[in-house]
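Enquirer: Here it is, the structure in full.
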Amino acid sequence: MIAPLYRAWHRKFPPEIGEEERHYLSIHSHYYKDLSSEEQKRFEHRLAVSLRWFDFRVHNLPEVTTEMKIAVGAGIMQVCFGLRKYLFRRFRRIQLVPAAYTYPGLEHMPMIGDTNRNNWMISLSWPHVLEGIRGKDDGYNVVLHEVAHGLEWEHLLGRKAIRTFLHHTDYKHWKRLAAKKLHLIRQGENSFLKDYGGTNMEELFAVSIEAFFEQPFDFKKRLPYLYRQMCQVLNQDPTQRKSPVLIPRGV
Ligand SMILES: [Zn+2]
């Protein structure tokens, strides 16, 4: 079933979040905990739909647990909470692994997560997923980082005739502002955001999303134009914790 039909079906027959799922949600999503009760219901609905949409799997771990699905699923919902679309078409497969890993030929580059366009899979090291959630305001969160990559590629590869994940003009404007920031990072004049963002525009988008959610007040103060544009791109302002969405875009 394609994503719009799938969403419509579940609006008519809404799936429920169970007690165990809600328990892990309250432990693993600071974002969800801060929402108003009305917004929490919308978050739960989207999460319940997405848990049936995404294909969670493990490699060298015994089994996919509810805790894994919630910890990762909540991160996807958080990034996409202001967007109409939140079910990735290409990156539906999400794999959890027991530790940092490498790819053949890249043994010198251990990874804690990656969004792979060869097999359309997002891989995440489970202990680093938990570490990212525990350090809730340090700007390091591998789930948010990889979801940002997935979202950007879903947007860029989406068919223009169909509504894309992000608003084109807002996204283009973000890129113009971000290109200036990339230049500053490369000049060694970075005052906020991880230097890793200077790698390229994709990494800058991903580290911006990590800081946007984990350090929104600092981000807003230090880089107000870029912060405001992030709000436009994602249609939400995380400094408004109870109700971050700017323009309601439906369930
Ligand atoms: Zn990255």
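Each chain of the structure tokens is named A, B, ... in the order shown, its residues numbered from 1; ligands are numbered from 1 in display order.
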For the helix (DSSP H, G or I) assignment from backbone DSSP, which residues of stretch 202-239 of chain A qualify? Please present them as a PDB file with N, CA and C atoms, in the first residue's frame.

Expert:
ATOM      1  N   GLU A 202      25.201  17.965   3.302  1.00  0.00           N
ATOM      2  CA  GLU A 202      24.360  16.907   3.912  1.00  0.00           C
ATOM      3  C   GLU A 202      24.656  16.781   5.400  1.00  0.00           C
ATOM      4  N   GLU A 203      25.944  16.776   5.735  1.00  0.00           N
ATOM      5  CA  GLU A 203      26.304  16.645   7.152  1.00  0.00           C
ATOM      6  C   GLU A 203      25.906  17.899   7.925  1.00  0.00           C
ATOM      7  N   LEU A 204      25.962  19.039   7.256  1.00  0.00           N
ATOM      8  CA  LEU A 204      25.553  20.271   7.932  1.00  0.00           C
ATOM      9  C   LEU A 204      24.056  20.228   8.258  1.00  0.00           C
ATOM     10  N   PHE A 205      23.275  19.683   7.331  1.00  0.00           N
ATOM     11  CA  PHE A 205      21.827  19.530   7.588  1.00  0.00           C
ATOM     12  C   PHE A 205      21.616  18.597   8.793  1.00  0.00           C
ATOM     13  N   ALA A 206      22.356  17.502   8.822  1.00  0.00           N
ATOM     14  CA  ALA A 206      22.172  16.509   9.898  1.00  0.00           C
ATOM     15  C   ALA A 206      22.605  17.069  11.263  1.00  0.00           C
ATOM     16  N   VAL A 207      23.767  17.734  11.331  1.00  0.00           N
ATOM     17  CA  VAL A 207      24.193  18.266  12.640  1.00  0.00           C
ATOM     18  C   VAL A 207      23.308  19.445  13.053  1.00  0.00           C
ATOM     19  N   SER A 208      22.758  20.158  12.065  1.00  0.00           N
ATOM     20  CA  SER A 208      21.826  21.248  12.388  1.00  0.00           C
ATOM     21  C   SER A 208      20.568  20.684  13.034  1.00  0.00           C
ATOM     22  N   ILE A 209      20.100  19.553  12.531  1.00  0.00           N
ATOM     23  CA  ILE A 209      18.897  18.945  13.113  1.00  0.00           C
ATOM     24  C   ILE A 209      19.185  18.432  14.527  1.00  0.00           C
ATOM     25  N   GLU A 210      20.361  17.867  14.740  1.00  0.00           N
ATOM     26  CA  GLU A 210      20.711  17.433  16.101  1.00  0.00           C
ATOM     27  C   GLU A 210      20.673  18.618  17.071  1.00  0.00           C
ATOM     28  N   ALA A 211      21.305  19.730  16.677  1.00  0.00           N
ATOM     29  CA  ALA A 211      21.346  20.913  17.559  1.00  0.00           C
ATOM     30  C   ALA A 211      19.972  21.572  17.672  1.00  0.00           C
ATOM     31  N   PHE A 212      19.228  21.555  16.588  1.00  0.00           N
ATOM     32  CA  PHE A 212      17.888  22.173  16.558  1.00  0.00           C
ATOM     33  C   PHE A 212      17.002  21.577  17.657  1.00  0.00           C
ATOM     34  N   PHE A 213      17.088  20.261  17.831  1.00  0.00           N
ATOM     35  CA  PHE A 213      16.238  19.619  18.826  1.00  0.00           C
ATOM     36  C   PHE A 213      16.894  19.523  20.207  1.00  0.00           C
ATOM     37  N   GLU A 214      18.211  19.406  20.237  1.00  0.00           N
ATOM     38  CA  GLU A 214      18.850  19.206  21.538  1.00  0.00           C
ATOM     39  C   GLU A 214      19.304  20.515  22.185  1.00  0.00           C
ATOM     40  N   PRO A 216      17.921  23.926  21.242  1.00  0.00           N
ATOM     41  CA  PRO A 216      17.182  24.928  20.471  1.00  0.00           C
ATOM     42  C   PRO A 216      17.356  26.366  20.969  1.00  0.00           C
ATOM     43  N   PHE A 217      17.455  26.548  22.273  1.00  0.00           N
ATOM     44  CA  PHE A 217      17.580  27.921  22.791  1.00  0.00           C
ATOM     45  C   PHE A 217      18.929  28.520  22.423  1.00  0.00           C
ATOM     46  N   ASP A 218      19.996  27.732  22.560  1.00  0.00           N
ATOM     47  CA  ASP A 218      21.337  28.201  22.160  1.00  0.00           C
ATOM     48  C   ASP A 218      21.391  28.458  20.661  1.00  0.00           C
ATOM     49  N   PHE A 219      20.821  27.527  19.904  1.00  0.00           N
ATOM     50  CA  PHE A 219      20.822  27.642  18.436  1.00  0.00           C
ATOM     51  C   PHE A 219      20.138  28.953  18.032  1.00  0.00           C
ATOM     52  N   LYS A 220      18.983  29.212  18.635  1.00  0.00           N
ATOM     53  CA  LYS A 220      18.206  30.408  18.301  1.00  0.00           C
ATOM     54  C   LYS A 220      18.984  31.687  18.629  1.00  0.00           C
ATOM     55  N   LYS A 221      19.711  31.633  19.744  1.00  0.00           N
ATOM     56  CA  LYS A 221      20.471  32.807  20.180  1.00  0.00           C
ATOM     57  C   LYS A 221      21.730  33.015  19.329  1.00  0.00           C
ATOM     58  N   ARG A 222      22.422  31.925  19.038  1.00  0.00           N
ATOM     59  CA  ARG A 222      23.730  32.044  18.367  1.00  0.00           C
ATOM     60  C   ARG A 222      23.611  32.187  16.853  1.00  0.00           C
ATOM     61  N   PRO A 224      20.525  32.982  14.791  1.00  0.00           N
ATOM     62  CA  PRO A 224      19.069  33.218  14.690  1.00  0.00           C
ATOM     63  C   PRO A 224      18.486  33.034  13.292  1.00  0.00           C
ATOM     64  N   TYR A 225      19.226  33.441  12.239  1.00  0.00           N
ATOM     65  CA  TYR A 225      18.668  33.316  10.884  1.00  0.00           C
ATOM     66  C   TYR A 225      18.560  31.855  10.467  1.00  0.00           C
ATOM     67  N   LEU A 226      19.637  31.119  10.776  1.00  0.00           N
ATOM     68  CA  LEU A 226      19.630  29.701  10.399  1.00  0.00           C
ATOM     69  C   LEU A 226      18.572  28.954  11.216  1.00  0.00           C
ATOM     70  N   TYR A 227      18.443  29.325  12.489  1.00  0.00           N
ATOM     71  CA  TYR A 227      17.442  28.671  13.336  1.00  0.00           C
ATOM     72  C   TYR A 227      16.037  28.926  12.782  1.00  0.00           C
ATOM     73  N   ARG A 228      15.783  30.191  12.461  1.00  0.00           N
ATOM     74  CA  ARG A 228      14.445  30.537  11.958  1.00  0.00           C
ATOM     75  C   ARG A 228      14.142  29.753  10.675  1.00  0.00           C
ATOM     76  N   GLN A 229      15.170  29.585   9.847  1.00  0.00           N
ATOM     77  CA  GLN A 229      14.935  28.872   8.592  1.00  0.00           C
ATOM     78  C   GLN A 229      14.736  27.376   8.837  1.00  0.00           C
ATOM     79  N   MET A 230      15.425  26.837   9.844  1.00  0.00           N
ATOM     80  CA  MET A 230      15.177  25.433  10.216  1.00  0.00           C
ATOM     81  C   MET A 230      13.715  25.271  10.644  1.00  0.00           C
ATOM     82  N   CYS A 231      13.211  26.264  11.386  1.00  0.00           N
ATOM     83  CA  CYS A 231      11.804  26.221  11.827  1.00  0.00           C
ATOM     84  C   CYS A 231      10.883  26.173  10.600  1.00  0.00           C
ATOM     85  N   GLN A 232      11.207  26.985   9.588  1.00  0.00           N
ATOM     86  CA  GLN A 232      10.382  27.003   8.377  1.00  0.00           C
ATOM     87  C   GLN A 232      10.440  25.658   7.666  1.00  0.00           C
ATOM     88  N   VAL A 233      11.645  25.130   7.529  1.00  0.00           N
ATOM     89  CA  VAL A 233      11.827  23.873   6.786  1.00  0.00           C
ATOM     90  C   VAL A 233      11.062  22.732   7.457  1.00  0.00           C
ATOM     91  N   LEU A 234      11.144  22.665   8.786  1.00  0.00           N
ATOM     92  CA  LEU A 234      10.510  21.545   9.504  1.00  0.00           C
ATOM     93  C   LEU A 234       9.134  21.905  10.046  1.00  0.00           C
TER      94      LEU A 234
END

Enquirer: Around ligand 1, out to 10 Å and counting only C-alpha atoms and all ligand atoms, which residues are there? I want them as a list in words.

Expert: Met111, Ile112, Gly113, Asp114, Thr115, Val142, Leu144, His145, Glu146, Val147, Ala148, His149, Gly150, Tyr196, Gly197, Thr199, Asn200, Met201, Glu202, Glu203, Leu204, Phe205, Ala206 and Val207 of chain A

Enquirer: Given only C-alpha atoms as the basis, pick out the residue of A:Thr66, A:Asn118, A:Ala74, A:Ile27 nearest to A:Phe43.

Expert: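 Smallest separation from A:Phe43 among the options: A:Ala74.
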
Enquirer: Quick one: distance from atom CA of A:Met121 to atom CA of A:Lys181 in Å, one decimal?

Expert: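 Result for atom CA of A:Met121 versus atom CA of A:Lys181: 29.1 Å, one decimal.
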
Enquirer: Work out how far atom CA of A:Ser243 is from atom CA of A:Ser26, in Å to one decimal.

Expert: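 Separation between atom CA of A:Ser26 and atom CA of A:Ser243: 17.0 Å.
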
Enquirer: Using only C-alpha atoms, determine which residues lie at most 12 Å from A:Ser37, disregarding the query and same-chain residues fewer than 4 positions distant; provide the list as a PyMOL selection string.

Expert: chain A and resi 32-33+41-44+241-243

Enquirer: With C-alpha atoms retained, could you export that selection as a CSV table (one decimal), in the first residue's frame?

Expert:
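Dumped everything to result_18.csv:
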chain,number,residue,atom,x,y,z
A,32,TYR,CA,7.1,13.6,23.6
A,33,LYS,CA,7.1,14.1,27.3
A,41,LYS,CA,-2.1,12.0,21.2
A,42,ARG,CA,-1.2,13.2,17.7
A,43,PHE,CA,2.4,12.0,18.3
A,44,GLU,CA,1.1,8.6,19.5
A,241,ARG,CA,8.0,22.6,23.9
A,242,LYS,CA,4.3,22.0,24.5
A,243,SER,CA,3.2,22.8,21.0

Enquirer: With only C-alpha atoms as the basis for distance, which of A:Leu182, A:Leu96, A:Leu35, A:Leu25 is at the shortest distance from A:Pro62?

Expert: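 That would be A:Leu96, the residue with the smallest distance to A:Pro62.
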
Enquirer: Rank nothing, just name the residue among A:Asn141, A:Ser36, A:Phe56, A:Lys69 nearest to A:Gln240, using only C-alpha atoms.

Expert: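 Looking only at the distances to A:Gln240, the closest residue turns out to be A:Ser36.
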
Enquirer: Rounded to one decimal, what separation in Å do you get between atom CA of A:Ser29 and atom CA of A:Lys175?

Expert: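 Here the two named atoms are 28.6 Å from each other.
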
Enquirer: Under the rule that only C-alpha atoms are counted, which of A:Gly82, A:Pro15, A:Pro4, A:Gly132 is the nearest residue to A:Ile247?

Expert: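 Looking only at the distances to A:Ile247, the closest residue turns out to be A:Gly82.
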
Enquirer: Identify, on the basis of only C-alpha atoms, every residue whose closest approach to A:Arg117 does not exceed 9 Å; exclude the query and any residue fewer than 2 positions from it along the same chain; express the result as a list in words.

Expert: Arg90, Phe91, Thr115, Asn119, Trp120, Met121, Ile122 and Trp153 of chain A

Enquirer: Taking 4 positions as the minimum chain separation for residues in the same chain, which residues sit within 10 Å of A:Ala99 when counting only C-alpha atoms? Answer as number ranges by chain.

Expert: A: 60-61, 110-113, 124-128

Enquirer: Identify, with DSSP run on backbone atoms, the residues in stretch 41-173 of chain A assigned to strand (DSSP E), and express the list as a list in words.

Expert: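 Restricting stretch 41-173 of chain A to strand (DSSP E) produces Asp55, Phe56, Arg57, Val58, Arg93, Ile94, Gln95, Leu96, Val97, Gly113, Asp114, Thr115, Asn116, Met121, Ile122, Ser123, Leu124 and Ser125 of chain A.
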